[in-house]
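K.L.:
I am sharing final-v4.txt, which consists of compact mmCIF, C-alpha atoms:
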# COMPACT_ATOMS: atom_id res chain seq x y z
CA MET A 1 74.54 47.53 -100.43
CA SER A 2 77.08 49.41 -98.40
CA GLN A 3 77.81 48.38 -94.89
CA VAL A 4 76.14 50.61 -92.34
CA ASP A 5 78.52 52.25 -89.90
CA THR A 6 76.46 52.50 -86.72
CA SER A 7 79.51 53.55 -84.71
CA LEU A 8 78.72 57.06 -85.99
CA PHE A 9 76.05 57.21 -83.27
CA ARG A 10 77.49 58.26 -79.93
CA PRO A 11 75.65 58.59 -76.60
CA GLU A 12 77.40 61.93 -75.98
CA LEU A 13 75.74 63.25 -79.14
CA VAL A 14 72.17 62.37 -78.21
CA PHE A 15 70.22 65.26 -76.70
CA PHE A 16 66.77 65.18 -75.14
CA ASP A 17 64.63 68.22 -74.31
CA PHE A 18 66.97 70.43 -76.32
CA GLU A 19 65.84 74.02 -75.97
CA ALA A 20 66.13 76.38 -78.91
CA THR A 21 63.91 79.26 -80.00
CA ASP A 22 64.36 78.50 -83.71
CA GLU A 23 66.71 76.67 -86.05
CA TRP A 24 69.35 79.44 -85.95
CA ASP A 25 69.43 79.34 -82.15
CA PHE A 26 69.67 75.57 -82.48
CA PHE A 27 72.71 75.81 -84.79
CA ALA A 28 74.43 78.30 -82.47
CA LYS A 29 74.03 75.97 -79.50
CA MET A 30 74.98 72.84 -81.44
CA SER A 31 78.07 74.57 -82.81
CA ASP A 32 79.36 75.26 -79.29
CA THR A 33 78.67 71.68 -78.21
CA LEU A 34 80.18 70.00 -81.28
CA LYS A 35 83.28 72.20 -81.19
CA GLU A 36 83.81 71.58 -77.50
CA LYS A 37 83.66 67.82 -78.11
CA GLY A 38 86.02 68.07 -81.07
CA TYR A 39 83.71 67.02 -83.90
CA VAL A 40 83.58 70.17 -86.02
CA ARG A 41 85.69 73.15 -87.02
CA ASP A 42 85.00 76.83 -86.26
CA SER A 43 83.70 77.14 -89.83
CA TRP A 44 80.81 74.74 -89.10
CA HIS A 45 78.37 77.32 -87.75
CA ASP A 46 78.51 79.74 -90.69
CA ALA A 47 78.57 76.84 -93.14
CA ILE A 48 75.49 75.13 -91.76
CA CYS A 49 73.49 78.36 -91.56
CA ALA A 50 74.36 79.20 -95.19
CA ARG A 51 73.65 75.67 -96.30
CA GLU A 52 70.26 75.51 -94.58
CA LYS A 53 69.26 78.83 -96.18
CA SER A 54 70.17 77.59 -99.68
CA PHE A 55 69.18 73.94 -99.26
CA PRO A 56 66.80 73.50 -96.32
CA THR A 57 66.54 70.01 -94.84
CA GLY A 58 63.12 69.71 -93.23
CA LEU A 59 61.49 66.43 -94.26
CA GLN A 60 57.79 65.87 -93.67
CA PHE A 61 57.18 62.16 -93.22
CA GLU A 62 53.64 60.88 -92.83
CA LYS A 63 53.83 60.68 -89.04
CA ILE A 64 56.71 62.95 -88.11
CA GLY A 65 58.73 65.98 -89.14
CA VAL A 66 62.49 65.37 -89.22
CA ALA A 67 65.35 67.66 -90.23
CA ILE A 68 68.71 66.35 -91.43
CA PRO A 69 71.00 69.42 -91.44
CA HIS A 70 74.51 68.78 -92.72
CA VAL A 71 77.46 70.58 -94.31
CA ASP A 72 80.35 69.83 -96.59
CA PRO A 73 83.07 67.55 -95.18
CA GLU A 74 85.74 70.27 -94.86
CA ASN A 75 83.89 71.57 -91.80
CA ILE A 76 83.97 68.21 -90.04
CA VAL A 77 86.85 66.97 -87.85
CA LYS A 78 85.59 63.45 -87.16
CA PRO A 79 82.46 61.85 -88.56
CA TYR A 80 79.38 61.59 -86.38
CA ILE A 81 75.61 61.52 -86.37
CA ALA A 82 73.96 63.58 -83.63
CA ILE A 83 70.36 62.91 -82.58
CA ILE A 84 68.45 65.79 -81.05
CA LYS A 85 64.95 65.65 -79.65
CA PRO A 86 63.88 69.25 -79.05
CA LYS A 87 61.79 70.14 -76.02
CA ALA A 88 59.28 71.78 -78.38
CA PRO A 89 59.21 71.22 -82.16
CA ILE A 90 61.59 73.50 -84.10
CA ASP A 91 60.50 74.78 -87.50
CA PHE A 92 62.74 74.00 -90.46
CA ALA A 93 62.05 75.02 -94.04
CA PRO A 94 61.06 72.02 -96.19
CA MET A 95 63.64 70.42 -98.45
CA ALA A 96 62.98 71.46 -102.07
CA ASP A 97 59.81 73.34 -101.01
CA MET A 98 57.97 70.02 -101.06
CA VAL A 99 55.32 71.24 -98.64
CA ASP A 100 54.01 74.80 -98.42
CA HIS A 101 54.61 75.25 -94.70
CA PRO A 102 57.55 74.92 -92.29
CA VAL A 103 58.25 71.40 -91.07
CA HIS A 104 57.55 71.15 -87.32
CA THR A 105 60.60 69.11 -86.47
CA GLU A 106 60.31 66.67 -83.58
CA LEU A 107 63.63 65.03 -84.27
CA ILE A 108 66.83 66.45 -85.75
CA ILE A 109 69.46 64.19 -87.21
CA ASN A 110 72.66 66.17 -87.73
CA LEU A 111 74.91 64.35 -90.14
CA GLY A 112 78.65 64.92 -89.88
CA LEU A 113 79.70 62.86 -92.87
CA LEU A 114 83.00 62.69 -94.70
CA ALA A 115 83.25 62.65 -98.49
CA HIS A 116 82.95 59.44 -100.48
CA ALA A 117 82.10 57.42 -97.39
CA GLU A 118 79.36 55.13 -98.66
CA ASP A 119 79.02 53.43 -95.31
CA GLN A 120 78.10 56.77 -93.76
CA VAL A 121 75.47 57.55 -96.35
CA ALA A 122 74.09 54.06 -95.80
CA VAL A 123 73.11 55.20 -92.31
CA LEU A 124 71.08 58.02 -93.83
CA GLN A 125 69.38 55.57 -96.19
CA ALA A 126 68.50 53.27 -93.32
CA MET A 127 67.11 56.15 -91.26
CA MET A 128 64.84 57.29 -94.08
CA GLY A 129 63.34 53.81 -94.08
CA ILE A 130 62.81 54.03 -90.34
CA PHE A 131 60.84 57.28 -90.46
CA MET A 132 58.58 55.90 -93.19
CA ASP A 133 57.66 53.12 -90.76
CA GLU A 134 55.06 54.18 -88.19
CA GLU A 135 55.93 51.50 -85.66
CA ALA A 136 59.69 52.14 -85.84
CA THR A 137 59.15 55.88 -85.51
CA ALA A 138 56.95 55.40 -82.44
CA GLU A 139 59.53 53.15 -80.80
CA ILE A 140 62.34 55.63 -81.42
CA MET A 141 60.32 58.59 -80.20
CA SER A 142 59.37 56.76 -76.99
CA GLN A 143 63.01 56.30 -75.92
CA ASP A 144 64.31 58.45 -73.08
CA THR A 145 67.95 57.41 -72.84
CA PRO A 146 70.80 57.96 -75.36
CA GLU A 147 71.57 54.24 -75.43
CA GLY A 148 67.90 53.40 -75.94
CA ILE A 149 67.44 55.70 -78.90
CA ILE A 150 70.73 54.59 -80.52
CA ASP A 151 69.79 50.91 -80.08
CA ALA A 152 66.33 51.50 -81.52
CA ILE A 153 67.87 53.07 -84.64
CA ALA A 154 70.96 50.88 -84.96
CA LYS A 155 69.05 47.59 -84.84
CA ARG A 156 67.17 48.70 -87.96
CA CYS A 157 70.25 49.85 -89.88
CA MET B 158 71.72 53.72 -122.05
CA VAL B 159 69.71 56.27 -120.11
CA ASN B 160 71.90 58.76 -118.24
CA ILE B 161 70.36 59.87 -114.96
CA LEU B 162 71.88 62.69 -112.91
CA LEU B 163 71.04 62.48 -109.22
CA ALA B 164 71.70 65.77 -107.49
CA CYS B 165 71.48 67.30 -104.02
CA GLY B 166 73.00 70.34 -102.33
CA SER B 167 76.45 68.84 -101.87
CA GLY B 168 76.31 65.79 -104.10
CA ILE B 169 77.20 63.58 -101.14
CA ALA B 170 74.37 62.76 -98.76
CA THR B 171 70.77 62.72 -99.98
CA SER B 172 71.69 62.24 -103.66
CA THR B 173 73.52 59.03 -102.77
CA ALA B 174 70.60 57.82 -100.62
CA VAL B 175 68.07 58.50 -103.38
CA ALA B 176 70.36 56.98 -106.05
CA ALA B 177 70.29 53.67 -104.19
CA LYS B 178 66.48 53.75 -104.07
CA VAL B 179 66.16 54.58 -107.77
CA LYS B 180 68.66 51.87 -108.73
CA ASP B 181 66.67 49.27 -106.75
CA LEU B 182 63.44 50.47 -108.38
CA LEU B 183 64.84 50.23 -111.90
CA ASP B 184 66.66 46.93 -111.37
CA GLY B 185 63.45 45.48 -109.94
CA ASN B 186 61.46 46.56 -112.98
CA GLY B 187 63.62 45.03 -115.68
CA PHE B 188 65.82 48.03 -116.46
CA ALA B 189 69.07 46.59 -115.08
CA GLY B 190 71.97 47.52 -117.35
CA LYS B 191 69.89 50.07 -119.25
CA PHE B 192 70.70 53.09 -117.12
CA GLN B 193 73.58 54.85 -115.46
CA ILE B 194 73.21 57.05 -112.38
CA THR B 195 75.72 59.80 -111.63
CA THR B 196 75.48 61.68 -108.33
CA CYS B 197 76.56 65.31 -108.18
CA SER B 198 75.84 68.66 -106.54
CA ILE B 199 72.92 70.61 -107.95
CA ALA B 200 75.36 73.35 -109.04
CA ASP B 201 77.25 70.80 -111.16
CA ALA B 202 73.99 69.27 -112.41
CA VAL B 203 73.18 72.39 -114.43
CA GLY B 204 76.41 72.06 -116.45
CA LYS B 205 76.16 68.29 -116.74
CA SER B 206 72.48 68.19 -117.71
CA ALA B 207 73.26 68.73 -121.41
CA GLY B 208 74.66 65.20 -121.48
CA ALA B 209 71.92 63.69 -119.31
CA ASP B 210 68.49 62.28 -120.13
CA LEU B 211 66.88 62.84 -116.74
CA VAL B 212 67.68 64.83 -113.61
CA ILE B 213 66.39 63.70 -110.22
CA ALA B 214 67.17 66.08 -107.35
CA THR B 215 66.40 66.71 -103.69
CA THR B 216 66.48 70.47 -104.34
CA VAL B 217 64.22 72.90 -106.11
CA LYS B 218 64.68 72.66 -109.90
CA PRO B 219 67.30 75.25 -110.82
CA GLY B 220 67.23 77.31 -113.99
CA GLY B 221 69.27 75.98 -116.90
CA ILE B 222 68.19 72.35 -116.77
CA ASP B 223 66.52 71.47 -120.04
CA CYS B 224 66.00 67.74 -119.68
CA PRO B 225 63.11 66.25 -117.68
CA PHE B 226 63.28 66.80 -113.92
CA ILE B 227 61.76 64.67 -111.15
CA SER B 228 61.85 65.48 -107.42
CA GLY B 229 63.76 62.95 -105.34
CA ILE B 230 62.13 63.91 -102.04
CA PRO B 231 59.41 61.18 -102.21
CA PHE B 232 62.21 58.59 -102.22
CA LEU B 233 63.40 60.03 -98.88
CA THR B 234 60.08 60.50 -97.10
CA GLY B 235 57.72 58.04 -98.75
CA MET B 236 55.20 60.88 -99.22
CA GLY B 237 54.04 60.72 -102.84
CA LYS B 238 56.38 57.80 -103.51
CA ALA B 239 54.01 55.81 -105.74
CA ASN B 240 53.63 58.79 -108.06
CA ALA B 241 57.37 59.52 -108.16
CA GLU B 242 58.14 55.87 -108.92
CA LYS B 243 55.59 55.90 -111.71
CA GLN B 244 57.16 59.03 -113.21
CA VAL B 245 60.60 57.42 -113.22
CA LEU B 246 59.34 54.10 -114.63
CA ASP B 247 57.25 55.84 -117.31
CA PHE B 248 60.30 57.84 -118.33
CA MET B 249 62.38 54.67 -118.58
CA ALA B 250 59.67 52.85 -120.52
CA ALA B 251 59.63 55.67 -123.06
CA ASN B 252 63.39 56.19 -123.28
CA ALA B 253 65.28 53.01 -122.39
For the structure just supplied, provide its representation as structure tokens.

P.N.:
Amino acid sequence: MSQVDTSLFRPELVFFDFEATDEWDFFAKMSDTLKEKGYVRDSWHDAICAREKSFPTGLQFEKIGVAIPHVDPENIVKPYIAIIKPKAPIDFAPMADMVDHPVHTELIINLGLLAHAEDQVAVLQAMMGIFMDEEATAEIMSQDTPEGIIDAIAKRC
Amino acid sequence: MVNILLACGSGIATSTAVAAKVKDLLDGNGFAGKFQITTCSIADAVGKSAGADLVIATTVKPGGIDCPFISGIPFLTGMGKANAEKQVLDFMAANA
């Protein structure tokens, strides 16, 4: 088991009540924010839009819809995981067409991972376990501070 | 030795996460040492599938893959997991 690198979570990359009309509006706004904070390159926006069109990342869990958009490492400056709770659910296409409707996403986990970094992927693994767990999901979704939501996730990683 | 290709869009994120789940499943069911999992991008999986026994992917099945294909999404979300695990274990029981 790889060690989980929970330092990838940063309070400045947790957003509540994020307003976006759809996923493309979401990516445009996130691109500006992530660039301004020095996490991604200019290429990130086009890359993530293309990637999401080819390989959508909406995941329908039993109790919640989550999207995990991410791009290839060359678009990333420094690794991060951003947590975004939209003001209203944003529709993402389902990964591998697993369900026949858009996934109404209540939480978006944007992964900025570098290549061959097992400890970073371990965070993704841990998070998948969290969203399969009703109680853990409820605790995370009830948080209203960046530190609270990071703690609720990190203690389960 | 059963060769399993585990593919996702990039070959980095979800394929690695699902590979860990599948490895745990197989080790826990007596198949330790009888399989090898290689993660790759789905684009590379098409070319590599000729030398593989099974492809598990978090993408739609692309054209050009002739060996058996199982969706890896249930290992991420838990939805339909029992069925996906059974498919993988049945395949191993028949081929390991």

K.L.:
Between B:Ala189, B:Leu162, B:Ala170, B:Lys205, which has the minimum distance to chain A (counting all atoms listed in the file)?

P.N.:
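Among the listed residues, B:Ala170 lies closest to chain A.
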
K.L.:
Using all atoms listed in the file, which chain A residues lie at most 12 Å away from chain B, written as a PyMOL selection string?

P.N.:
chain A and resi 1-2+48+50-74+94-99+110-134

K.L.:
Have a look at B:Leu183, B:Ala250, B:Leu163, B:Met158 and name the one nearest to B:Leu211; count only C-alpha atoms.

P.N.:
B:Leu163
